[in-house]
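Enquirer: Before I ask anything, here is the structure I am working with.
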Protein chains: 4
Amino acid sequence: MSSGERKQIKVGILGATGTVGQRFIQLLSTHPYFVIHALGASSRSAGQRYGKVTKWKLNTPIPKEIGNMVVQECKPDAEGFKECGVVFSGLDADVAGEIEEAFRSANLIVFSNAKNYRRDPLCPLIVPLVNPSHLSIIPHQKKTLGLEKGYIVTNANCSTTGLVVPLAALEKAFGPLETVMVTTLQAISGAGYPGVSSLDILDNVVPHIGGEEEKIEWETNKILGGLNSDNTQFDLHSNESVKAINVSATTTRVPVIDGHTGVVSVKFSKSPAPSMEEIDRAFREFRCEAQELNVPSAPPQAIVVHDAPDRPQPRLDRDLHNGACVSVGRVRPCPVLDVKFVCLIDNVRLGAATSSIMNAEIAVEKGLIV
Amino acid sequence: MSSGERKQIKVGILGATGTVGQRFIQLLSTHPYFVIHALGASSRSAGQRYGKVTKWKLNTPIPKEIGNMVVQECKPDAEGFKECGVVFSGLDADVAGEIEEAFRSANLIVFSNAKNYRRDPLCPLIVPLVNPSHLSIIPHQKKTLGLEKGYIVTNANCSTTGLVVPLAALEKAFGPLETVMVTTLQAISGAGYPGVSSLDILDNVVPHIGGEEEKIEWETNKILGGLNSDNTQFDLHSNESVKAINVSATTTRVPVIDGHTGVVSVKFSKSPAPSMEEIDRAFREFRCEAQELNVPSAPPQAIVVHDAPDRPQPRLDRDLHNGACVSVGRVRPCPVLDVKFVCLIDNVRLGAATSSIMNAEIAVEKGLIV
Amino acid sequence: MSSGERKQIKVGILGATGTVGQRFIQLLSTHPYFVIHALGASSRSAGQRYGKVTKWKLNTPIPKEIGNMVVQECKPDAEGFKECGVVFSGLDADVAGEIEEAFRSANLIVFSNAKNYRRDPLCPLIVPLVNPSHLSIIPHQKKTLGLEKGYIVTNANCSTTGLVVPLAALEKAFGPLETVMVTTLQAISGAGYPGVSSLDILDNVVPHIGGEEEKIEWETNKILGGLNSDNTQFDLHSNESVKAINVSATTTRVPVIDGHTGVVSVKFSKSPAPSMEEIDRAFREFRCEAQELNVPSAPPQAIVVHDAPDRPQPRLDRDLHNGACVSVGRVRPCPVLDVKFVCLIDNVRLGAATSSIMNAEIAVEKGLIV
Amino acid sequence: MSSGERKQIKVGILGATGTVGQRFIQLLSTHPYFVIHALGASSRSAGQRYGKVTKWKLNTPIPKEIGNMVVQECKPDAEGFKECGVVFSGLDADVAGEIEEAFRSANLIVFSNAKNYRRDPLCPLIVPLVNPSHLSIIPHQKKTLGLEKGYIVTNANCSTTGLVVPLAALEKAFGPLETVMVTTLQAISGAGYPGVSSLDILDNVVPHIGGEEEKIEWETNKILGGLNSDNTQFDLHSNESVKAINVSATTTRVPVIDGHTGVVSVKFSKSPAPSMEEIDRAFREFRCEAQELNVPSAPPQAIVVHDAPDRPQPRLDRDLHNGACVSVGRVRPCPVLDVKFVCLIDNVRLGAATSSIMNAEIAVEKGLIV
């Protein structure tokens, strides 16, 4: 069925007034599969028009019809959510746990950008350019919880996402990785709004982002790990047959608006390690399931390899393929591990809203959203 | 002899109008040992008053008496240089090689911030808080070149300097290091003036600084290495008894004015590795020869260890001890190597002019400058 | 004739590797009227592929077919220019004078962003949303110079452009203005590349831009002035019947990438002055000839009036209508003059390349380019 | 009595953990007249050590003895305040009104940086380099309120302060001003901490600061106005003999850490206006009462006039004379009014804490604090 013939699916957005919620609206307001049907925010905003209660911070205007929609509370029985085929969540972690659970219990399907269920053994943690196969655990999630229809799918932390796409390309081409070291230089938009005080970041670097290093070190293994044969358990790269990747991360905040840069070194399990030419080719030739399925948000290239020695750069490269790919550059030997390179992700698109949406597009194609 | 009784030594400054030259002037204009006697710059500026030809970019005014001095060409027989006990060089690398050699040949003593003679087997490469003992090669340098008085001493690259101070503390406490991985986030002032275009760095990161990674990887071993027993050859951490440290560096430019941040992971040769408490204590208790000699530019602490999890930060910590120390923070286990931490150096002071000056102060105390 | 049927006009770009040249390429590579046929740059770049010699600084990639074009010298007889229906010039002022004259003398039509011919009594200085009627002097320009086909049209300084659009709306609605005071906060991209050193602008304001204030004060009157009845002379708002507007400008540089902000106060000739409501309506209802002609680059609104008290802001509003409109906000009484407001222009689009292109589009519609 | 012999006066600081409070501590910790005796903050911080509860954001460390002090609630009977000869207030406006009144009622002397009492007809609004003569209303304030000792003195808004110092120099030399137009480019530190979100100001200008324009337009006239002959009423530049200055202000926020820039145009009452040379000389020769009294915080020059056409600049000039002077540059004719110039003030020092402290120093010299 071509997208032209497809019936549009009504969607809701939780945390619609926040920075991730604004991106959901920007990306979904012209989406071929989805049509925005319900907007949820805090009780402070509920009952008022979206355009009135939102401090819109994107450089495209609020779509007119969205600006006029009345914001609801984030409750499954608030007006509009019941009819939604999917609910996207851009909620903050302090409230996402309870609200998303309430939506799932009400047999709604939740695709969440929040961290709360990422480590849940029933919830897939999906980077759409890497492991959509993990969606196969959904029947088990529903069955375990006794739900006919409701389930939760999460996407990964923004920095993790920028890292695992090139790692997945390397594992696909050369087998398991042994060690990964990464230093991130992260954009301020990753902290939401108001987020980072300008007094903390102008002419400055903050060499610490609370909880971020643990997320990268842990999520990487769940994403790159497998599902067992009956689709009931994640392997986490740590069962006997697949050893976990040893990941060491340091995360820093820099005065960049959008775009997280990662400085990465990798050691392969196999020895001798592949050559730089082989690695470069593996990045360039990487194809993923989202591309095979040809979902609307899938980028033409999952990884763009830059030849110039001073790229990728956030300001110049974050908009490539509408922010839906990962840029890689400076592929060269590491004197300590095997290879080092630099990667870049648009943290607010592929690192957040675009991932959630692309995950849902894939779920549609797999018949998991109807 | 107390500094109060000491006769002041006349000094010259090469490259006096540049950014490093300006720092030399700022730091030397009130120095207890040295008095500025000659200023050298390009032939374009020569013959004119310093205040007129210099685009002064520091936030303290040009010292009045310096502003009125007439700039000379960078030639040993230009007015004033012959009387100088030391000549400090803030020259760019493209001209430093020939000019510094000419000054040395004219039996002048040169303390240089340029990279040209750092790898020279006769020239000491000295970080004043680490290896002033390498000054012992000077007699051999003079003898080899048949010079009665002239010699060249270099200081290290700014990022290398920020790295080797904590590494020296670790080696002093725990013996040789095996592996070092470092990612730097470097300030724009490291590139001089006009240096980095604002269009390249506002809202951006540039993940490449030409030649910088090689400097860090190479210089670290010369600085932390030894001199042979007759003071004629550097060991470079690579003779049979001392294995070279395996260093892997990635250097990036960030929108920070002053202060290079380093994200570092280290593996010790000894096993088991020291505990985090032992490492923390080694940083805090590190004392160096510059402090024992009590030279004017030596900081009260060579390393300041920060307890707050989000420090050191360039804007808040670069001015500690007048920019003459290295800040260290976030000391914690590395899942891949043994320990990881963050370090910070004021690249324009300890990373450049302050190092050169402190090296010369030490040379004075050792009787190498009279 | 619909644009679908229109024969595309071959165009050349002078200064194609510079920042304005890059914008010309970005905007013209998919243009309905124009097709890029020749690229001119310095002799250093001539003979090489555009993609190889250009430090491309835009966040969209170089169009592939352009990257492969061979760059020519900026000479009318260099390959390709002879066939061009228009040549766009993004040349620097130090070379634009001679080169543009050479092209005109060779009977080529030049639409220039450079300042050199803006004050020329034969050359129209056109802001496309304001005074395309000044194109009527072209027959006189050609006749005076004895040229069959060649002529030069200039567009205005970027800050002037952002100012005169709202001023034109006020004059159209309320008659002549008496006094204008303006302070600009200008983006770094206005200075080209490498342009402003990052050491000069990070955490800083530079309260001076050489020559900029004089341009604003002078150009405003030529643009808002008339042509005499036989289309041979500009009135410059200073003949007897139309008094010149008294303009006072201060121009500053701020750490913004794109988008010049203007803080404006205006006094009307007529008394009493119009009310704030009338002024607000005049801005909102302003329609211009470019919109009537419906040329491709004309924005749906020449002026976008913002209601929020803290808008327009360069980062959020410079992309409105593809950078082809002027934003206005904070319309309120001035205690000294009559009204004050804030305006914003995308200096690299409407303030430069977009103006040149829109001027040419209008010239096409008027039969001046064939 | 020389300062060496003077008995130090105990002082308290209200709002000690905030950004202005931190500056008070930095400046007072080594003050020749004052010794910090009590620190007041919100009840959340009260009872805990200052170093523990404060997010210190200055680039000098917390003075050790202050870090160990126990924070009190902002109540006059909290431990320590009763013994204070002066209490400095860096409180936010939402709480300053009640708290400062409570301290005054308890017969304590309050020097406040808050806006609450600036327009009070009994409270002097003093810029120490301009109108310390207004302290003469204090006996009337105490008498009216029936207080033996307590009174409140306020200092001005930071932008107003930067403006009125050069205006005072002009009035002193040339008599009353008729008209002043000013556009400010203000630093983020003016908004406190966390204050301006980095997402709002990186690569951006915000052309609005709530309430700021009204403050400049109103406060200027109180500061430059007189006191009546029996020191009981301010003249506000609006009695019959002295016409109010017509002030029009637009205030904007720019990505600068410290230092407010003002772009100013002035029209004199007298005609013909003074020449540019006379005006330049008036700025350079301006001497004020704080200098005559030789109080510790008085700068050697109240106004520093810059000759370079691109100065003053916040990053390069805000530290002049320890942030206690105003910089002026670009003095030149205004085509609309008489003269235009650029001024710069360190908003966190002379624009806030330094003014309050210098006001108190002057009060000490006048016998108003004992």
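Residue numbering restarts at 1 for every chain of the structure tokens, chains are lettered A, B, ... in their displayed order, and ligands are numbered from 1 as they appear.
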Give me the chain A side of the contact with chain B, cut-off 6 Å, one line per residue showing its nearest atom pair and distance in Å at one decimal, counting only C-alpha atoms, sorted by chain and residue number, as a Markdown table.
Expert:
| residue | atom | partner | partner_atom | distance |
| --- | --- | --- | --- | --- |
| A:Asp203 | CA | B:Val256 | CA | 4.3 |
| A:Asn204 | CA | B:Arg315 | CA | 5.3 |
| A:Val205 | CA | B:Gln313 | CA | 5.8 |
| A:Val206 | CA | B:Gln313 | CA | 5.8 |
| A:Pro207 | CA | B:Asp310 | CA | 5.7 |
| A:His208 | CA | B:Asp310 | CA | 5.0 |
| A:Ser248 | CA | B:Pro335 | CA | 5.4 |
| A:Val256 | CA | B:Asp203 | CA | 4.3 |
| A:Ile257 | CA | B:Asp203 | CA | 5.9 |
| A:Asp310 | CA | B:His208 | CA | 5.0 |
| A:Gln313 | CA | B:Val205 | CA | 5.8 |
| A:Pro314 | CA | B:Asn204 | CA | 5.6 |
| A:Arg315 | CA | B:Asn204 | CA | 5.3 |
| A:Pro335 | CA | B:Ser248 | CA | 5.4 |
Enquirer: Could you go through segment 95-311 of chain A and tell me which residues DSSP, when run on the backbone, assigns to strand (DSSP E or B), listing them as an MDAnalysis selection string?
Expert: chainID A and resid 109:112 125 151:154 177:186 197 206 227 234 246:253 260:268 303:305
Enquirer: For the residues in the current selection, export C-alpha atoms as a JSON list (two decimals), in the first residue's frame.
Expert:
[["chain", "number", "residue", "atom", "x", "y", "z"],
["A", 109, "ILE", "CA", 0.80, 2.29, 22.50],
["A", 110, "VAL", "CA", 3.57, 4.56, 23.78],
["A", 111, "PHE", "CA", 6.76, 5.46, 21.93],
["A", 112, "SER", "CA", 8.84, 7.27, 24.49],
["A", 125, "LEU", "CA", 15.29, 0.16, 23.60],
["A", 151, "TYR", "CA", 2.92, -1.48, 25.12],
["A", 152, "ILE", "CA", 5.91, 0.83, 25.53],
["A", 153, "VAL", "CA", 8.84, 1.26, 23.17],
["A", 154, "THR", "CA", 11.72, 3.55, 24.12],
["A", 177, "LEU", "CA", 33.69, -5.13, 19.53],
["A", 178, "GLU", "CA", 35.74, -5.54, 22.66],
["A", 179, "THR", "CA", 36.30, -2.01, 23.90],
["A", 180, "VAL", "CA", 34.88, 1.46, 23.22],
["A", 181, "MET", "CA", 36.11, 4.73, 24.66],
["A", 182, "VAL", "CA", 34.12, 7.88, 23.98],
["A", 183, "THR", "CA", 34.29, 11.52, 24.97],
["A", 184, "THR", "CA", 31.25, 13.58, 24.05],
["A", 185, "LEU", "CA", 30.95, 17.32, 23.44],
["A", 186, "GLN", "CA", 27.23, 17.86, 23.84],
["A", 197, "SER", "CA", 22.11, 28.66, 32.23],
["A", 206, "VAL", "CA", 31.14, 21.85, 31.73],
["A", 227, "LEU", "CA", 17.00, -11.14, 21.71],
["A", 234, "PHE", "CA", 17.43, -9.33, 25.81],
["A", 246, "ASN", "CA", 33.60, -2.59, 27.65],
["A", 247, "VAL", "CA", 32.50, 1.04, 27.29],
["A", 248, "SER", "CA", 34.11, 4.03, 28.99],
["A", 249, "ALA", "CA", 32.43, 7.40, 28.51],
["A", 250, "THR", "CA", 33.13, 10.98, 29.54],
["A", 251, "THR", "CA", 30.42, 13.48, 28.71],
["A", 252, "THR", "CA", 30.88, 17.24, 28.51],
["A", 253, "ARG", "CA", 28.69, 20.20, 27.68],
["A", 260, "HIS", "CA", 26.46, 16.18, 19.92],
["A", 261, "THR", "CA", 30.02, 15.36, 18.87],
["A", 262, "GLY", "CA", 31.64, 12.10, 19.95],
["A", 263, "VAL", "CA", 35.36, 11.32, 19.97],
["A", 264, "VAL", "CA", 35.54, 7.54, 19.77],
["A", 265, "SER", "CA", 38.19, 4.81, 19.97],
["A", 266, "VAL", "CA", 37.32, 1.18, 19.34],
["A", 267, "LYS", "CA", 39.02, -2.20, 19.75],
["A", 268, "PHE", "CA", 37.68, -5.15, 17.79],
["A", 303, "ILE", "CA", 26.11, 7.21, 8.07],
["A", 304, "VAL", "CA", 27.66, 10.07, 6.12],
["A", 305, "VAL", "CA", 31.44, 9.77, 6.02]]
Enquirer: Just the number, please: distance in Å from atom CA of Ala168 of chain A to atom CA of Val339 of chain B, one decimal.
Expert: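 Straight-line distance from atom CA of Ala168 of chain A to atom CA of Val339 of chain B works out to 27.0 Å.
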Enquirer: Between atom CA of Lys115 of chain B and atom CA of Ser89 of chain B, what is the distance, to one decimal in Å?
Expert: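 These two atoms are separated by 10.7 Å.
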Enquirer: When you look at segment 347-362 of chain B with a cut-off of 8 Å (counting only C-alpha atoms), what residues show up, excluding the ones that are within fewer than 5 positions of it in the same chain? I need them as a VMD selection string.
Expert: chain B and resid 20 to 21 23 to 24 27 33 86 88 90 111 to 113 126 to 128 132 154 to 159 161 to 162 187 189 to 190 258 to 260 290 293 295 to 298 323 to 325 369
Enquirer: Mind the document's chain letters and residue numbers, and return as a ChimeraX atom specification the residues of segment 136-295 of chain C that DSSP labels helix (DSSP H, G or I).
Expert: /C:136-145,158-174,188-191,198-201,212-224,276-285,289-293
Enquirer: Could you check which of C:Lys172, C:Asp280, C:Leu129, C:Gly15 is closest to Val87 of chain C, using only C-alpha atoms?
Expert: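 Ranked by minimum distance to Val87 of chain C, first place goes to C:Gly15.
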Enquirer: What is the distance between atom CA of Gly47 of chain A and atom CA of Tyr193 of chain A, in Å to one decimal?
Expert: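 Separation between atom CA of Gly47 of chain A and atom CA of Tyr193 of chain A: 22.0 Å.
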Enquirer: If we count only C-alpha atoms, what is near Arg49 of chain C at a cut-off of 12 Å, once residues fewer than 6 positions away on the same chain are taken out, given as an NGL selection string?
Expert: :C and (16-17 or 38-41 or 62 or 64-72)
Enquirer: Keeping C-alpha atoms, export the residues of the selection given above as an mmCIF file, in the first residue's frame.
Expert:
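part.cif, written as the output of this step:
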data_model
loop_
_atom_site.group_PDB
_atom_site.id
_atom_site.type_symbol
_atom_site.label_atom_id
_atom_site.label_comp_id
_atom_site.auth_asym_id
_atom_site.auth_seq_id
_atom_site.Cartn_x
_atom_site.Cartn_y
_atom_site.Cartn_z
ATOM 1 C CA ALA C 16 31.831 32.473 -6.455
ATOM 2 C CA THR C 17 34.056 31.025 -3.723
ATOM 3 C CA ALA C 38 29.918 30.232 -15.201
ATOM 4 C CA LEU C 39 31.772 30.674 -11.943
ATOM 5 C CA GLY C 40 34.430 33.346 -11.534
ATOM 6 C CA ALA C 41 36.991 33.658 -8.781
ATOM 7 C CA ILE C 62 27.630 22.002 -2.421
ATOM 8 C CA LYS C 64 27.057 18.156 -6.940
ATOM 9 C CA GLU C 65 27.003 19.584 -10.464
ATOM 10 C CA ILE C 66 28.383 22.898 -9.183
ATOM 11 C CA GLY C 67 31.168 21.207 -7.274
ATOM 12 C CA ASN C 68 32.404 19.747 -10.522
ATOM 13 C CA MET C 69 32.363 23.004 -12.500
ATOM 14 C CA VAL C 70 35.712 24.528 -13.407
ATOM 15 C CA VAL C 71 36.262 27.973 -11.933
ATOM 16 C CA GLN C 72 37.161 30.778 -14.349
#
Enquirer: Between A:Pro121, A:Glu285, A:Ser271, A:Val326, which is the closest to Thr232 of chain A once you count only C-alpha atoms?
Expert: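 Between A:Pro121, A:Glu285, A:Ser271, A:Val326, the residue approaching Thr232 of chain A most closely is A:Pro121.
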Enquirer: Hey, which of B:Ala169, B:Lys243, B:Asp319, B:Pro194 ends up closest to Arg284 of chain B? Count only C-alpha atoms.
Expert: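 Of B:Ala169, B:Lys243, B:Asp319, B:Pro194, the one nearest Arg284 of chain B, counting only C-alpha atoms, is B:Ala169.
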Enquirer: Can you pull out the residues contacting Gln141 of chain C? Cut-off 8 Å, using only C-alpha atoms, and skip same-chain residues under 4 positions away; I want them as a list in words.
Expert: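 Contacts, with the query itself left out: Leu122, Cys123, Ile137, Leu145 and Tyr151 of chain C.
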Enquirer: Taking N, CA and C atoms for each residue, export the selection above as a PDB file, in the first residue's frame.
Expert:
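And here is the file that came out, selection16.pdb:
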ATOM      1  N   LEU C 122      24.521  56.930 -12.251  1.00  0.00           N
ATOM      2  CA  LEU C 122      23.874  56.184 -13.338  1.00  0.00           C
ATOM      3  C   LEU C 122      23.336  54.828 -12.878  1.00  0.00           C
ATOM      4  N   CYS C 123      23.788  54.370 -11.717  1.00  0.00           N
ATOM      5  CA  CYS C 123      23.449  53.001 -11.310  1.00  0.00           C
ATOM      6  C   CYS C 123      22.327  52.992 -10.289  1.00  0.00           C
ATOM      7  N   ILE C 137      16.136  53.791 -14.785  1.00  0.00           N
ATOM      8  CA  ILE C 137      17.287  54.588 -15.220  1.00  0.00           C
ATOM      9  C   ILE C 137      18.202  53.796 -16.158  1.00  0.00           C
ATOM     10  N   LEU C 145      26.690  55.600 -21.549  1.00  0.00           N
ATOM     11  CA  LEU C 145      27.961  54.877 -21.701  1.00  0.00           C
ATOM     12  C   LEU C 145      28.130  54.312 -23.099  1.00  0.00           C
ATOM     13  N   TYR C 151      24.848  46.843 -18.421  1.00  0.00           N
ATOM     14  CA  TYR C 151      24.551  47.800 -17.350  1.00  0.00           C
ATOM     15  C   TYR C 151      24.829  47.164 -15.988  1.00  0.00           C
TER      16      TYR C 151
END
